Amino acid sequence: MTASLSLGPVPGARLGRINPVAQLAAMGVVTLVLLTSLDAVTPTVVVAAELCLLPAAGLADLRDLWRRTWPLALGATSVGLVNVLLSDDATALTGVGLGLRVVGLALPGVLLVASTDPVRLADALTIHWRLSTRFAFGALAALRLVPLLVAEFESVRLARRTRGVEAGRNPVAQARLIGGIAFTLLVGAVRRGSRLATAMDARGFDSGIPRTNARGSRLHPRDAAFTAGAVLVCALAVTLSVRTGAWSPIFVG
Amino acid sequence: MRVVARGLGVRHAARRSWALAGVDLVVEPGERILLTGASGTGKSTLLAALAGILDAEGTELTGELTVDGGPPRAARARLGLLAQDPDSQLVMTRAGDDVAFGLENAGLPAEEIWPRVEEALAAVGFLHGLDRATQALSGGEKQRLVLAGALARRPGLLLLDEPTAQLDPAGAALVRSAVARATADRAATVVVVDHDAEPWLPLVDRVVEVLAGGLVEHGAGWRPQPRTAGLQLAPAPDGPVLLTAQAVGFAYRGSPVPALPPTTAVLRGGRVLAVTGRNGTGKSTLALLLAGLRAPTSGRVRASADLTGTVRRAYDEPHRWRAGELVSRIGTVFQHPEQQFLTGRLRDELAVGPLRSGQHATAARATADALLERLGLSAFADANPYTLSGGQQRRLSVATALATAPRVLVLDEPTFGQDAATWREVVTLLAEQRAQGCAVAVVTHDADLVEVLADDRLALGAP
């Protein structure tokens, strides 16, 4: 219950020098390939390449890596296990392949979050991909409230104990308690959100004037190279998979 | 910018009474004015009206209110706002970016933005660099940054809505000095709203008190009556020791620095222990240990046999007690009252504790009604706790802790941000509990509270 989950950028990560939209484009390529292939070879190659990028994202320390990815590891393992246990014709290899796909799909997200300041992400999305500033910076402001919510969960839980409300070991009571806490947090979040909206309004946010950007966001040759690298890795993965005879794309029979 | 109100009245949606009535006020450009008054008199409503952020749907306005001759909404581009809660006003992850946010919104080209950001940060005396993470700042520093963000837009009207209510004394002083420094050039008209007038007096030209019937302007040399004036608190004889913390310490898992270094405290019936110390010295952590909400990672908290009574397996450490056992022995009041509310009606809220500790429904209801009467909240018996004013919520949260008549009370900043009336009410309630033989532990920054109530003092972090 209290296992903590770290989020937010690692300061000074080298991968952060790649423009976020280039990272997103690479992520798109990888996603497309992984979603269309069902074998174990393709995701193995992709995941291996992604793992090579971990140090560049500042995630060389295993403990730090675990703090960021334990929900992912849990999810991938359960996807693999469930498929092996519940499906008649699934072998252990299929299970490993499915688990690896989940990892391969999620790791680019982990890399992006670890290497990139969310403000730079919003800058890049609004400048290069013309995403609405209202949406991008609104989401950015809301993101700041998430760590507060995590801290508040614990203090609301303790506050309930002082009122004589505690779940003990009864799972039904536990579910009810968590539901109650979630409601209290929700009420608090809505109030804080509306205060934040007022504060942003008072600073002229979304007032109809076209918004400028003080930091800018530049695309360099290295950004194109990064995306090209992702295409190359995927091509390599598919080639290897076809050569070894493992290739089984999703859209064939 | 010039502000003019004539016969202004405001009534919120679905309310019968006027939040504000008969307001006549003229503020000249460059003037600095303080709007003070007890909570619930409509100070904040007046400020919201000036900012043009009154909820338009259903809010009824009478009379006239203009900013520079036009409606407040039209003057929005030249408005600066600093509100109470430091955490719900910052947008960006780094200090410089946050100040730039308002300039980007105004459509300024990038090369004009950064000089203005630097200028605004210098004006408020912000010493950290542009890249400083906003999350790592203290409350006072955050407020200073929000002020810089407002000033960078070169506002003609600067509105400050209780900007220090959620800060410790050091943070509050920091914000006031930043305001004094940044508005010394008189480029903006400044309107401060705060129930605590005293600290603002050196900073403002005029003081206007908002009363139920309208405004009263105070002359030069006016000072608010001290909240401790004429306060008569019941004395109490010393009782037995009820709770002892023996060299208790607490460290979060994986954290090299303990949240609370080993500390010893004794809670005795009929006495109030005041725990003081700067932010980060572990005051609130000590409160959680004394209240049986967390287990200490070193040392022990022990309840006397008197307090333990018939607890299951005679555990003498409060953190081992079941919640239902804890609630009738140790009452706890958190810093933010709304985190403790469980029900949708005041009467039910007060009955929760007694019911959980095993009382019958009729007895619990009688207790709840008596407490409502005592607090002057009977008229709100069926209201939702969330709809109460801040002061009323505070009184309610203290009352919920008293409902089970616990012999030990632990309170974290019970007077934080409260007006004089609520302050006196809370202090009187605590003194009554002491006179009935309760042991009270108060964690606080409030020097007045310590002065009038403390029998024993514990300063954390003192060398």
# chains A, B, ... in the order shown; residues from 1 in each chain; ligands from 1

$ select_by_dssp --residues "region 53-214 of chain B" --states "strand (DSSP E)" --output "list of chain:residue names"
B:Glu60, B:Leu61, B:Thr62, B:Gly63, B:Glu64, B:Leu65, B:Thr66, B:Val67, B:Leu79, B:Gly80, B:Leu81, B:Leu82, B:Leu157, B:Leu158, B:Leu159, B:Leu160, B:Asp161, B:Thr189, B:Val190, B:Val191, B:Val192, B:Val193, B:Arg206, B:Val207, B:Val208, B:Glu209, B:Val210, B:Leu211, B:Gly214

$ closest_atom_pairs --of "chain A" --to "chain B" --cutoff "8 Å" --atoms "only C-alpha atoms" --output "Markdown table"
| residue | atom | partner | partner_atom | distance |
| --- | --- | --- | --- | --- |
| A:Asp117 | CA | B:Thr93 | CA | 7.8 |
| A:Pro118 | CA | B:Thr93 | CA | 7.8 |
| A:Val119 | CA | B:Met92 | CA | 6.7 |
| A:Phe137 | CA | B:Val91 | CA | 8.0 |
| A:Leu140 | CA | B:Val91 | CA | 7.0 |
| A:Ala141 | CA | B:Val91 | CA | 4.6 |
| A:Arg144 | CA | B:Val91 | CA | 7.1 |
| A:Leu145 | CA | B:Ser88 | CA | 7.8 |
| A:Ser155 | CA | B:Gln339 | CA | 7.6 |
| A:Val156 | CA | B:Gln339 | CA | 5.4 |
| A:Leu158 | CA | B:Leu293 | CA | 6.2 |
| A:Ala159 | CA | B:Gln340 | CA | 5.2 |
| A:Arg160 | CA | B:Gln340 | CA | 6.3 |
| A:Arg161 | CA | B:Ala323 | CA | 5.3 |
| A:Thr162 | CA | B:Val327 | CA | 5.8 |
| A:Arg163 | CA | B:Gly353 | CA | 5.6 |
| A:Gly164 | CA | B:Ala323 | CA | 4.4 |
| A:Val165 | CA | B:Ala323 | CA | 6.0 |
| A:Glu166 | CA | B:Ala323 | CA | 5.8 |
| A:Gly180 | CA | B:Leu342 | CA | 7.9 |
| A:Thr184 | CA | B:Gln339 | CA | 6.9 |
| A:Arg192 | CA | B:Ser88 | CA | 6.0 |
| A:Gly193 | CA | B:Ser88 | CA | 7.2 |
| A:Arg195 | CA | B:Ser88 | CA | 6.1 |
| A:Leu196 | CA | B:Ser88 | CA | 4.8 |
| A:Thr198 | CA | B:Ile53 | CA | 7.5 |
| A:Ala199 | CA | B:Gln89 | CA | 5.4 |
| A:Met200 | CA | B:Gln89 | CA | 7.2 |
| A:Ala202 | CA | B:Leu81 | CA | 6.2 |
| A:Arg203 | CA | B:Gly102 | CA | 4.9 |
| A:Gly204 | CA | B:Asn105 | CA | 5.6 |
| A:Phe205 | CA | B:Asn105 | CA | 5.4 |
| A:Asp206 | CA | B:Asn105 | CA | 7.1 |
| A:Ser207 | CA | B:Asn105 | CA | 7.6 |
| A:Ile209 | CA | B:Gly107 | CA | 6.3 |
| A:Pro210 | CA | B:Gly107 | CA | 5.8 |
| A:Arg211 | CA | B:Gly107 | CA | 4.9 |
| A:Thr212 | CA | B:Glu104 | CA | 4.7 |
| A:Asn213 | CA | B:Glu104 | CA | 5.7 |
| A:Ala214 | CA | B:Ala110 | CA | 4.4 |
| A:Arg215 | CA | B:Ala110 | CA | 7.3 |

$ residues_around --residues "Thr45 (chain B)" --least-positions-apart "3" --cutoff "9 Å" --atoms "only C-alpha atoms" --output "list in words"
Val10, Ala19, Leu20, Thr41, Gly42, Ala48, Ala49, Leu50 and Leu54 of chain B

$ write_last_selection --atoms "C-alpha atoms" --output "mmCIF file, in the first residue's frame"
data_model
loop_
_atom_site.group_PDB
_atom_site.id
_atom_site.type_symbol
_atom_site.label_atom_id
_atom_site.label_comp_id
_atom_site.auth_asym_id
_atom_site.auth_seq_id
_atom_site.Cartn_x
_atom_site.Cartn_y
_atom_site.Cartn_z
ATOM 1 C CA VAL B 10 -23.792 41.243 -3.686
ATOM 2 C CA ALA B 19 -23.090 38.773 1.328
ATOM 3 C CA LEU B 20 -22.324 42.443 0.950
ATOM 4 C CA THR B 41 -18.537 39.736 6.609
ATOM 5 C CA GLY B 42 -17.939 39.705 2.861
ATOM 6 C CA ALA B 48 -13.757 38.835 -5.969
ATOM 7 C CA ALA B 49 -16.099 41.533 -7.296
ATOM 8 C CA LEU B 50 -13.104 43.830 -7.869
ATOM 9 C CA LEU B 54 -17.677 36.591 -9.045
#

$ residues_around --residues "His128 (chain A)" --least-positions-apart "3" --cutoff "9 Å" --atoms "only C-alpha atoms" --output "ChimeraX atom specification"
/A:21,123-125,131,217-219

$ residues_around --residues "Ala172 (chain B)" --least-positions-apart "2" --cutoff "12 Å" --atoms "only C-alpha atoms" --output "list in words"
Gln84, Pro86, Ser138, Gly139, Gly140, Glu141, Lys142, Gln143, Arg144, Glu162, Pro163, Thr164, Ala165, Gln166, Leu167, Asp168, Pro169, Ala170, Leu174, Val175, Arg176, Ser177, Ala178, Val179, Asp196, Pro199, Trp200, Gly417 and His445 of chain B

$ write_last_selection --atoms "C-alpha atoms" --output "tab-separated table (two decimals), in the first residue's frame"
chain	number	residue	atom	x	y	z
B	84	GLN	CA	-4.23	32.35	-0.01
B	86	PRO	CA	0.48	28.79	-2.37
B	138	SER	CA	8.67	26.90	1.09
B	139	GLY	CA	5.16	28.36	1.33
B	140	GLY	CA	6.48	31.91	1.83
B	141	GLU	CA	8.84	31.57	-1.15
B	142	LYS	CA	6.01	30.25	-3.32
B	143	GLN	CA	3.84	33.24	-2.41
B	144	ARG	CA	6.73	35.54	-3.25
B	162	GLU	CA	-5.20	36.91	2.83
B	163	PRO	CA	-1.83	36.10	1.26
B	164	THR	CA	-0.24	35.02	4.55
B	165	ALA	CA	-3.09	33.00	6.09
B	166	GLN	CA	-1.46	29.64	5.34
B	167	LEU	CA	2.10	30.59	6.24
B	168	ASP	CA	4.16	30.36	9.41
B	169	PRO	CA	5.27	33.70	10.96
B	170	ALA	CA	8.61	33.70	9.10
B	174	LEU	CA	8.75	37.34	3.97
B	175	VAL	CA	5.61	37.96	1.92
B	176	ARG	CA	4.83	41.30	3.59
B	177	SER	CA	8.36	42.58	3.03
B	178	ALA	CA	8.12	41.51	-0.63
B	179	VAL	CA	4.82	43.40	-0.99
B	196	ASP	CA	-5.45	40.13	10.92
B	199	PRO	CA	0.93	43.37	10.65
B	200	TRP	CA	-0.28	45.30	7.57
B	417	GLY	CA	-5.64	31.64	9.87
B	445	HIS	CA	3.36	28.82	15.71

$ select_by_dssp --residues "region 239-379 of chain B" --states "alpha helix (DSSP H)" --output "ChimeraX atom specification"
/B:283-290,305-308,323-326,346-356,361-375

$ write_last_selection --atoms "C-alpha atoms" --output "compact mmCIF listing (two decimals), in the first residue's frame"
# COMPACT_ATOMS: atom_id res chain seq x y z
CA LYS B 283 6.18 19.19 15.34
CA SER B 284 3.38 17.65 13.33
CA THR B 285 5.12 14.26 13.38
CA LEU B 286 5.26 14.40 17.18
CA ALA B 287 1.52 15.17 17.19
CA LEU B 288 0.84 12.06 15.05
CA LEU B 289 2.87 9.90 17.47
CA LEU B 290 1.13 11.30 20.57
CA ALA B 305 -3.38 2.63 33.13
CA ASP B 306 -5.90 5.42 33.76
CA LEU B 307 -6.13 6.23 30.09
CA THR B 308 -5.76 2.71 28.74
CA ALA B 323 -9.82 3.23 15.96
CA GLY B 324 -12.97 2.70 18.04
CA GLU B 325 -10.85 2.51 21.20
CA LEU B 326 -8.70 5.46 20.23
CA LEU B 346 -23.29 18.79 11.06
CA ARG B 347 -25.46 16.80 13.45
CA ASP B 348 -24.33 13.48 11.97
CA GLU B 349 -20.75 14.68 11.93
CA LEU B 350 -20.76 15.24 15.69
CA ALA B 351 -22.47 11.89 16.34
CA VAL B 352 -19.89 9.82 14.41
CA GLY B 353 -17.32 9.65 17.23
CA PRO B 354 -19.78 8.70 19.99
CA LEU B 355 -21.35 6.02 17.76
CA ARG B 356 -17.96 4.59 16.82
CA ALA B 361 -27.85 6.36 18.90
CA THR B 362 -30.01 8.44 21.27
CA ALA B 363 -27.07 9.27 23.54
CA ALA B 364 -24.89 10.13 20.55
CA ARG B 365 -27.58 12.42 19.20
CA ALA B 366 -27.99 14.17 22.54
CA THR B 367 -24.23 14.75 22.71
CA ALA B 368 -24.24 16.16 19.18
CA ASP B 369 -27.12 18.55 19.92
CA ALA B 370 -25.51 19.77 23.14
CA LEU B 371 -22.27 20.51 21.32
CA LEU B 372 -24.06 22.35 18.49
CA GLU B 373 -25.78 24.49 21.11
CA ARG B 374 -22.50 25.16 22.91
CA LEU B 375 -20.80 26.28 19.69
